[in-house]
Amino acid sequence: MAFEAKICGLTTPAAVETAIGHGASHIGLVFFAKSPRNITAEAAGELSRLAAGKVIRTGLMVDASDEQIAAILAACPLDLLQLHGKETPERVAEIRQRFGLPVMKALQIGEAGDLAQARAYEKVADRLLFDAKPPASKTDALPGGNAVSFDWSLLAGQQFGIPWMLAGGLTADNLAEAVRASGARAADTSSGVEDRPGEKNLQKIKDFLRVAEGL
Ligand SMILES: O=C(O)c1ccccc1N[C@@H]1O[C@H](COP(=O)(O)O)[C@@H](O)[C@H]1O
C-alpha cells in the first residue's frame, strides 16, 4: 500500500493546491482558537471545496463541543475528524455516531506505557495518531503542533486493531528515519513544513511529500 502523508494546518489555497499536486493523501484544517494555524469554518470551507474528492479533508479539533463541531461542518465539509484533545473513548464514540464521520484519535506518547491507552480507542475510532507529549518546560504549550518528536522505536513491532499515523516534529529530513524506526505507513506534519508557526513553506511541503513518495 502506498505511504500516506498528511499535511496539517493549511490556511491558503496555494498550500492546499501544493499538497494535493504533490501527492498528499490528507490535508488538515485546524479549528482550535489557540493555534497559530487556526482557521475560521468559513475560510476552511473554501479550502475544503478546492480539495473535494482529491484528498481526505481532515478537521482537527481539541475537546470541541457538539455545537462547535456542528457549526464547523455546516460551513466546511470534512471527510475525517482528528480529535487532538483529552476526548475519552466514550466521547469519541459519541462524536463518530452523532456526526457520521470517521474519527482519528490523537494520543500523546512519551514512553512505552503510554501506548496502552490505544487499546481503549481501537474499538471506537477509525484511526489512531501517535504524537509527542507537549514540552513540559512550556506551560502554555498546545496539545500538538509543537515540532516535538518522541522515540519512534517505541512503535516498532506494535500491532493495533486499526490503522495509525505517526506525527510529531516530522520533516523532510527525518521522515525516512522515523518510518524506518517506527514501521509507520502514514505520517502527519505541520511545523515541519513551516518557516514559523502558522506560516507554511510550499517548498518544504514539496520536499516532505517527495520523501513520502519514496517510502
Ligand atoms: O497544528 C496545531 O496547531 C495543533 C494544535 C493543537 C493540536 C494539534 C495540532 N497539530 C497536530 O499536532 C501534530 C504534530 O504537529 P507537528 O508536526 O509537530 O507540528 C500533528 O498531528 C498536527 O496535526
# chains A, B, ... in the order shown; residues from 1 in each chain; ligands from 1

$ residues_around --residues "A:Leu129" --least-positions-apart "6" --cutoff "6 Å" --atoms "only C-alpha atoms" --output "PyMOL selection string"
chain A and resi 105-106+164-166

$ residues_near_ligand --ligand "ligand 1" --cutoff "7 Å" --atoms "only C-alpha atoms and all ligand atoms" --output "PyMOL selection string"
chain A and resi 8-9+28+30+32+35-38+60+62+84+129+131+142-149+167-170+188-192

$ write_last_selection --atoms "C-alpha atoms" --output "PDB file, in the first residue's frame"
ATOM      1  CA  CYS A   8      -1.783  19.764   8.519  1.00  0.00           C
ATOM      2  CA  GLY A   9      -2.542  23.358   9.409  1.00  0.00           C
ATOM      3  CA  GLY A  28      -5.568  19.142   7.815  1.00  0.00           C
ATOM      4  CA  VAL A  30      -7.121  23.353  12.397  1.00  0.00           C
ATOM      5  CA  PHE A  32      -8.563  25.446  17.638  1.00  0.00           C
ATOM      6  CA  SER A  35      -3.341  27.523  17.468  1.00  0.00           C
ATOM      7  CA  PRO A  36      -1.355  29.772  15.115  1.00  0.00           C
ATOM      8  CA  ARG A  37      -2.903  27.609  12.379  1.00  0.00           C
ATOM      9  CA  ASN A  38      -6.485  28.217  13.457  1.00  0.00           C
ATOM     10  CA  LEU A  60      -8.531  18.985  13.714  1.00  0.00           C
ATOM     11  CA  VAL A  62      -9.473  19.852  20.597  1.00  0.00           C
ATOM     12  CA  HIS A  84      -6.462  16.040  19.429  1.00  0.00           C
ATOM     13  CA  LEU A 129      -2.434   9.191  15.519  1.00  0.00           C
ATOM     14  CA  ASP A 131       2.100  12.389  18.597  1.00  0.00           C
ATOM     15  CA  LEU A 142      -0.539  23.445  22.614  1.00  0.00           C
ATOM     16  CA  PRO A 143      -1.665  19.784  22.759  1.00  0.00           C
ATOM     17  CA  GLY A 144       0.073  19.290  19.392  1.00  0.00           C
ATOM     18  CA  GLY A 145       1.793  21.147  16.601  1.00  0.00           C
ATOM     19  CA  ASN A 146       4.868  21.706  18.781  1.00  0.00           C
ATOM     20  CA  ALA A 147       7.582  20.378  16.423  1.00  0.00           C
ATOM     21  CA  VAL A 148       8.499  17.817  19.081  1.00  0.00           C
ATOM     22  CA  SER A 149       9.255  14.152  18.349  1.00  0.00           C
ATOM     23  CA  ALA A 167       3.195  12.628  13.991  1.00  0.00           C
ATOM     24  CA  GLY A 168       5.364  14.988  15.999  1.00  0.00           C
ATOM     25  CA  GLY A 169       8.251  17.026  14.670  1.00  0.00           C
ATOM     26  CA  LEU A 170       8.405  15.284  11.297  1.00  0.00           C
ATOM     27  CA  ASP A 188       1.453  13.784   9.534  1.00  0.00           C
ATOM     28  CA  THR A 189       3.366  17.041   9.655  1.00  0.00           C
ATOM     29  CA  SER A 190       2.599  20.656  10.398  1.00  0.00           C
ATOM     30  CA  SER A 191       5.557  22.562  11.933  1.00  0.00           C
ATOM     31  CA  GLY A 192       7.996  20.624   9.771  1.00  0.00           C
TER      32      GLY A 192
END

$ closest_residue --among "A:Glu94, A:Glu87, A:Glu4, A:Glu67" --to "A:Val55" --atoms "only C-alpha atoms"
A:Glu4

$ atom_distance --atom1 "atom CA of A:Pro102" --atom2 "atom CA of A:Gln82"
8.9 Å

$ residues_around --residues "A:Leu209" --least-positions-apart "5" --cutoff "7 Å" --atoms "only C-alpha atoms" --output "list of chain:residue names"
A:Ala5, A:His22, A:Gly23, A:Ala24

$ residues_around --residues "A:His26" --least-positions-apart "4" --cutoff "6 Å" --atoms "only C-alpha atoms" --output "list in words"
Lys6, Val55, Ile56 and Arg57 of chain A

$ closest_residue --among "A:Ala33, A:Ala51, A:Ile7, A:Ala2" --to "A:Ala187" --atoms "only C-alpha atoms"
A:Ile7

$ residues_around --residues "A:Ala184" --least-positions-apart "5" --cutoff "12 Å" --atoms "only C-alpha atoms" --output "number ranges by chain"
A: 1-5, 128-130, 152-160, 163-167, 175-179, 212, 215

$ write_last_selection --atoms "C-alpha atoms" --output "JSON list (two decimals), in the first residue's frame"
[["chain", "number", "residue", "atom", "x", "y", "z"],
["A", 1, "MET", "CA", 0.00, 0.00, 0.00],
["A", 2, "ALA", "CA", 1.27, 3.49, -0.85],
["A", 3, "PHE", "CA", 2.63, 5.53, 2.03],
["A", 4, "GLU", "CA", 0.11, 8.15, 3.21],
["A", 5, "ALA", "CA", 1.17, 11.70, 4.04],
["A", 128, "LEU", "CA", -5.02, 6.43, 15.72],
["A", 129, "LEU", "CA", -2.43, 9.19, 15.52],
["A", 130, "PHE", "CA", 0.63, 8.99, 17.73],
["A", 152, "TRP", "CA", 9.84, 6.40, 17.23],
["A", 153, "SER", "CA", 11.21, 2.95, 18.10],
["A", 154, "LEU", "CA", 8.51, 2.63, 20.80],
["A", 155, "LEU", "CA", 6.15, 1.78, 17.94],
["A", 156, "ALA", "CA", 8.36, -0.81, 16.29],
["A", 157, "GLY", "CA", 6.61, -4.18, 16.06],
["A", 158, "GLN", "CA", 3.45, -2.90, 17.77],
["A", 159, "GLN", "CA", 0.14, -4.13, 16.38],
["A", 160, "PHE", "CA", -3.06, -2.11, 16.57],
["A", 163, "PRO", "CA", -4.59, 1.92, 11.06],
["A", 164, "TRP", "CA", -2.34, 4.53, 12.63],
["A", 165, "MET", "CA", -0.40, 7.61, 11.66],
["A", 166, "LEU", "CA", 2.88, 8.95, 13.04],
["A", 167, "ALA", "CA", 3.19, 12.63, 13.99],
["A", 175, "LEU", "CA", 10.79, 11.29, 7.84],
["A", 176, "ALA", "CA", 12.65, 8.33, 6.33],
["A", 177, "GLU", "CA", 14.40, 7.59, 9.63],
["A", 178, "ALA", "CA", 11.15, 7.98, 11.58],
["A", 179, "VAL", "CA", 9.44, 5.49, 9.30],
["A", 212, "ALA", "CA", 6.98, 10.27, 1.44],
["A", 215, "LEU", "CA", 8.68, 5.21, 1.20]]

$ residues_around --residues "A:Leu80" --least-positions-apart "2" --cutoff "6 Å" --atoms "only C-alpha atoms" --output "PyMOL selection string"
chain A and resi 58+78+102-103

$ write_last_selection --atoms "C-alpha atoms" --output "PDB file, in the first residue's frame"
ATOM      1  CA  THR A  58      -9.338  16.371   7.963  1.00  0.00           C
ATOM      2  CA  LEU A  78     -14.925  17.249   6.076  1.00  0.00           C
ATOM      3  CA  PRO A 102     -14.739   8.645  10.649  1.00  0.00           C
ATOM      4  CA  VAL A 103     -12.584   9.728  13.563  1.00  0.00           C
TER       5      VAL A 103
END

$ closest_residue --among "A:Ala43, A:Ala116, A:Leu73, A:Leu202" --to "A:Ile20" --atoms "only C-alpha atoms"
A:Leu202

$ select_by_dssp --residues "chain A" --states "alpha helix (DSSP H)" --output "VMD selection string"
chain A and resid 13 to 21 41 to 51 66 to 75 89 to 99 118 to 122 175 to 182 202 to 213

$ atom_distance --atom1 "atom CA of A:Ile205" --atom2 "atom CA of A:Glu46"
20.2 Å

$ closest_residue --among "A:Gly110, A:Gly198, A:Gly100, A:Pro89" --to "A:Lys123" --atoms "only C-alpha atoms"
A:Pro89

$ atom_distance --atom1 "atom CA of A:Lys200" --atom2 "atom CA of A:Lys86"
26.9 Å

$ closest_residue --among "A:Asp66, A:Ile109, A:Ala75, A:Ile39" --to "A:Gln97" --atoms "only C-alpha atoms"
A:Asp66

$ residues_around --residues "A:Lys206" --least-positions-apart "6" --cutoff "9 Å" --atoms "only C-alpha atoms" --output "list in words"
Thr18, Ala19, Gly21, His22, Gly23, Ala172 and Val193 of chain A

$ select_by_dssp --residues "stretch 74-148 of chain A" --states "strand (DSSP E)" --output "list in words"
Leu80, Leu81, Gln82, Leu83, Val103, Met104, Lys105, Ala106, Leu107, Gln108, Ile109, Arg127, Leu128, Leu129, Phe130, Asp131 and Ala132 of chain A

$ write_last_selection --atoms "N, CA and C atoms" --output "CSV table (one decimal), in the first residue's frame"
chain,number,residue,atom,x,y,z
A,80,LEU,N,-12.9,13.5,7.6
A,80,LEU,CA,-12.3,12.8,8.8
A,80,LEU,C,-12.2,13.9,9.9
A,81,LEU,N,-12.5,13.5,11.1
A,81,LEU,CA,-12.3,14.3,12.3
A,81,LEU,C,-11.1,13.9,13.1
A,82,GLN,N,-10.2,14.8,13.3
A,82,GLN,CA,-9.0,14.4,14.1
A,82,GLN,C,-9.2,15.0,15.5
A,83,LEU,N,-9.3,14.2,16.5
A,83,LEU,CA,-9.6,14.6,17.8
A,83,LEU,C,-8.3,14.7,18.6
A,103,VAL,N,-13.3,9.0,12.6
A,103,VAL,CA,-12.6,9.7,13.6
A,103,VAL,C,-11.2,9.2,13.7
A,104,MET,N,-10.2,10.1,13.8
A,104,MET,CA,-8.8,9.7,14.1
A,104,MET,C,-8.5,10.3,15.4
A,105,LYS,N,-8.2,9.5,16.4
A,105,LYS,CA,-7.9,10.0,17.8
A,105,LYS,C,-6.4,10.1,18.0
A,106,ALA,N,-6.0,11.3,18.4
A,106,ALA,CA,-4.6,11.6,18.6
A,106,ALA,C,-4.2,11.2,20.1
A,107,LEU,N,-3.1,10.5,20.2
A,107,LEU,CA,-2.6,10.1,21.6
A,107,LEU,C,-1.2,10.6,21.8
A,108,GLN,N,-0.9,11.1,23.0
A,108,GLN,CA,0.4,11.6,23.2
A,108,GLN,C,1.3,10.5,23.8
A,109,ILE,N,2.5,10.3,23.2
A,109,ILE,CA,3.4,9.3,23.6
A,109,ILE,C,4.7,9.8,24.1
A,127,ARG,N,-9.1,5.4,13.3
A,127,ARG,CA,-7.6,5.5,13.1
A,127,ARG,C,-7.0,6.1,14.4
A,128,LEU,N,-5.8,5.8,14.6
A,128,LEU,CA,-5.0,6.4,15.7
A,128,LEU,C,-3.9,7.3,15.1
A,129,LEU,N,-3.6,8.3,15.9
A,129,LEU,CA,-2.4,9.2,15.5
A,129,LEU,C,-1.5,9.3,16.7
A,130,PHE,N,-0.3,8.9,16.6
A,130,PHE,CA,0.6,9.0,17.7
A,130,PHE,C,1.5,10.2,17.6
A,131,ASP,N,1.4,11.1,18.6
A,131,ASP,CA,2.1,12.4,18.6
A,131,ASP,C,2.9,12.4,19.9
A,132,ALA,N,3.9,13.4,19.9
A,132,ALA,CA,4.7,13.5,21.1
A,132,ALA,C,3.9,14.3,22.2

$ decode --residues "stretch 161-185 of chain A" --atoms "N, CA and C atoms" --output "PDB file, in the first residue's frame"
ATOM      1  N   GLY A 161      -5.392  -2.567  16.237  1.00  0.00           N
ATOM      2  CA  GLY A 161      -6.560  -3.111  15.532  1.00  0.00           C
ATOM      3  C   GLY A 161      -7.060  -2.200  14.415  1.00  0.00           C
ATOM      4  N   ILE A 162      -6.559  -0.980  14.362  1.00  0.00           N
ATOM      5  CA  ILE A 162      -6.971  -0.026  13.327  1.00  0.00           C
ATOM      6  C   ILE A 162      -5.705   0.663  12.792  1.00  0.00           C
ATOM      7  N   PRO A 163      -5.781   1.256  11.595  1.00  0.00           N
ATOM      8  CA  PRO A 163      -4.590   1.919  11.058  1.00  0.00           C
ATOM      9  C   PRO A 163      -4.136   3.078  11.948  1.00  0.00           C
ATOM     10  N   TRP A 164      -2.873   3.432  11.828  1.00  0.00           N
ATOM     11  CA  TRP A 164      -2.345   4.535  12.629  1.00  0.00           C
ATOM     12  C   TRP A 164      -1.405   5.402  11.810  1.00  0.00           C
ATOM     13  N   MET A 165      -1.215   6.607  12.319  1.00  0.00           N
ATOM     14  CA  MET A 165      -0.395   7.610  11.660  1.00  0.00           C
ATOM     15  C   MET A 165       0.629   8.110  12.666  1.00  0.00           C
ATOM     16  N   LEU A 166       1.829   8.394  12.189  1.00  0.00           N
ATOM     17  CA  LEU A 166       2.885   8.946  13.044  1.00  0.00           C
ATOM     18  C   LEU A 166       2.912  10.469  12.916  1.00  0.00           C
ATOM     19  N   ALA A 167       3.115  11.164  14.019  1.00  0.00           N
ATOM     20  CA  ALA A 167       3.195  12.628  13.991  1.00  0.00           C
ATOM     21  C   ALA A 167       4.193  13.091  15.049  1.00  0.00           C
ATOM     22  N   GLY A 168       4.504  14.388  14.986  1.00  0.00           N
ATOM     23  CA  GLY A 168       5.364  14.988  15.999  1.00  0.00           C
ATOM     24  C   GLY A 168       6.743  15.329  15.462  1.00  0.00           C
ATOM     25  N   GLY A 169       6.923  16.561  15.066  1.00  0.00           N
ATOM     26  CA  GLY A 169       8.251  17.026  14.670  1.00  0.00           C
ATOM     27  C   GLY A 169       8.793  16.400  13.400  1.00  0.00           C
ATOM     28  N   LEU A 170       7.917  15.925  12.527  1.00  0.00           N
ATOM     29  CA  LEU A 170       8.405  15.284  11.297  1.00  0.00           C
ATOM     30  C   LEU A 170       8.736  16.319  10.235  1.00  0.00           C
ATOM     31  N   THR A 171       9.847  16.085   9.546  1.00  0.00           N
ATOM     32  CA  THR A 171      10.314  16.978   8.480  1.00  0.00           C
ATOM     33  C   THR A 171      10.791  16.114   7.317  1.00  0.00           C
ATOM     34  N   ALA A 172      11.088  16.767   6.201  1.00  0.00           N
ATOM     35  CA  ALA A 172      11.648  16.021   5.064  1.00  0.00           C
ATOM     36  C   ALA A 172      12.963  15.356   5.464  1.00  0.00           C
ATOM     37  N   ASP A 173      13.677  15.949   6.404  1.00  0.00           N
ATOM     38  CA  ASP A 173      14.990  15.422   6.784  1.00  0.00           C
ATOM     39  C   ASP A 173      14.917  14.210   7.708  1.00  0.00           C
ATOM     40  N   ASN A 174      13.859  14.102   8.512  1.00  0.00           N
ATOM     41  CA  ASN A 174      13.826  12.960   9.454  1.00  0.00           C
ATOM     42  C   ASN A 174      12.738  11.940   9.133  1.00  0.00           C
ATOM     43  N   LEU A 175      11.917  12.195   8.111  1.00  0.00           N
ATOM     44  CA  LEU A 175      10.789  11.295   7.845  1.00  0.00           C
ATOM     45  C   LEU A 175      11.237   9.861   7.546  1.00  0.00           C
ATOM     46  N   ALA A 176      12.227   9.696   6.704  1.00  0.00           N
ATOM     47  CA  ALA A 176      12.654   8.332   6.334  1.00  0.00           C
ATOM     48  C   ALA A 176      13.139   7.571   7.571  1.00  0.00           C
ATOM     49  N   GLU A 177      13.901   8.247   8.419  1.00  0.00           N
ATOM     50  CA  GLU A 177      14.403   7.589   9.635  1.00  0.00           C
ATOM     51  C   GLU A 177      13.248   7.281  10.602  1.00  0.00           C
ATOM     52  N   ALA A 178      12.302   8.209  10.694  1.00  0.00           N
ATOM     53  CA  ALA A 178      11.151   7.979  11.579  1.00  0.00           C
ATOM     54  C   ALA A 178      10.351   6.763  11.132  1.00  0.00           C
ATOM     55  N   VAL A 179      10.207   6.621   9.840  1.00  0.00           N
ATOM     56  CA  VAL A 179       9.443   5.489   9.297  1.00  0.00           C
ATOM     57  C   VAL A 179      10.226   4.187   9.497  1.00  0.00           C
ATOM     58  N   ARG A 180      11.527   4.246   9.291  1.00  0.00           N
ATOM     59  CA  ARG A 180      12.347   3.043   9.478  1.00  0.00           C
ATOM     60  C   ARG A 180      12.271   2.582  10.944  1.00  0.00           C
ATOM     61  N   ALA A 181      12.338   3.534  11.863  1.00  0.00           N
ATOM     62  CA  ALA A 181      12.367   3.173  13.286  1.00  0.00           C
ATOM     63  C   ALA A 181      11.005   2.722  13.809  1.00  0.00           C
ATOM     64  N   SER A 182       9.942   3.305  13.289  1.00  0.00           N
ATOM     65  CA  SER A 182       8.602   3.052  13.854  1.00  0.00           C
ATOM     66  C   SER A 182       7.799   2.009  13.092  1.00  0.00           C
ATOM     67  N   GLY A 183       8.094   1.863  11.792  1.00  0.00           N
ATOM     68  CA  GLY A 183       7.258   0.982  10.957  1.00  0.00           C
ATOM     69  C   GLY A 183       5.999   1.667  10.466  1.00  0.00           C
ATOM     70  N   ALA A 184       5.920   2.977  10.607  1.00  0.00           N
ATOM     71  CA  ALA A 184       4.706   3.716  10.173  1.00  0.00           C
ATOM     72  C   ALA A 184       4.493   3.577   8.669  1.00  0.00           C
ATOM     73  N   ARG A 185       3.219   3.561   8.268  1.00  0.00           N
ATOM     74  CA  ARG A 185       2.862   3.595   6.851  1.00  0.00           C
ATOM     75  C   ARG A 185       2.044   4.852   6.533  1.00  0.00           C
TER      76      ARG A 185
END
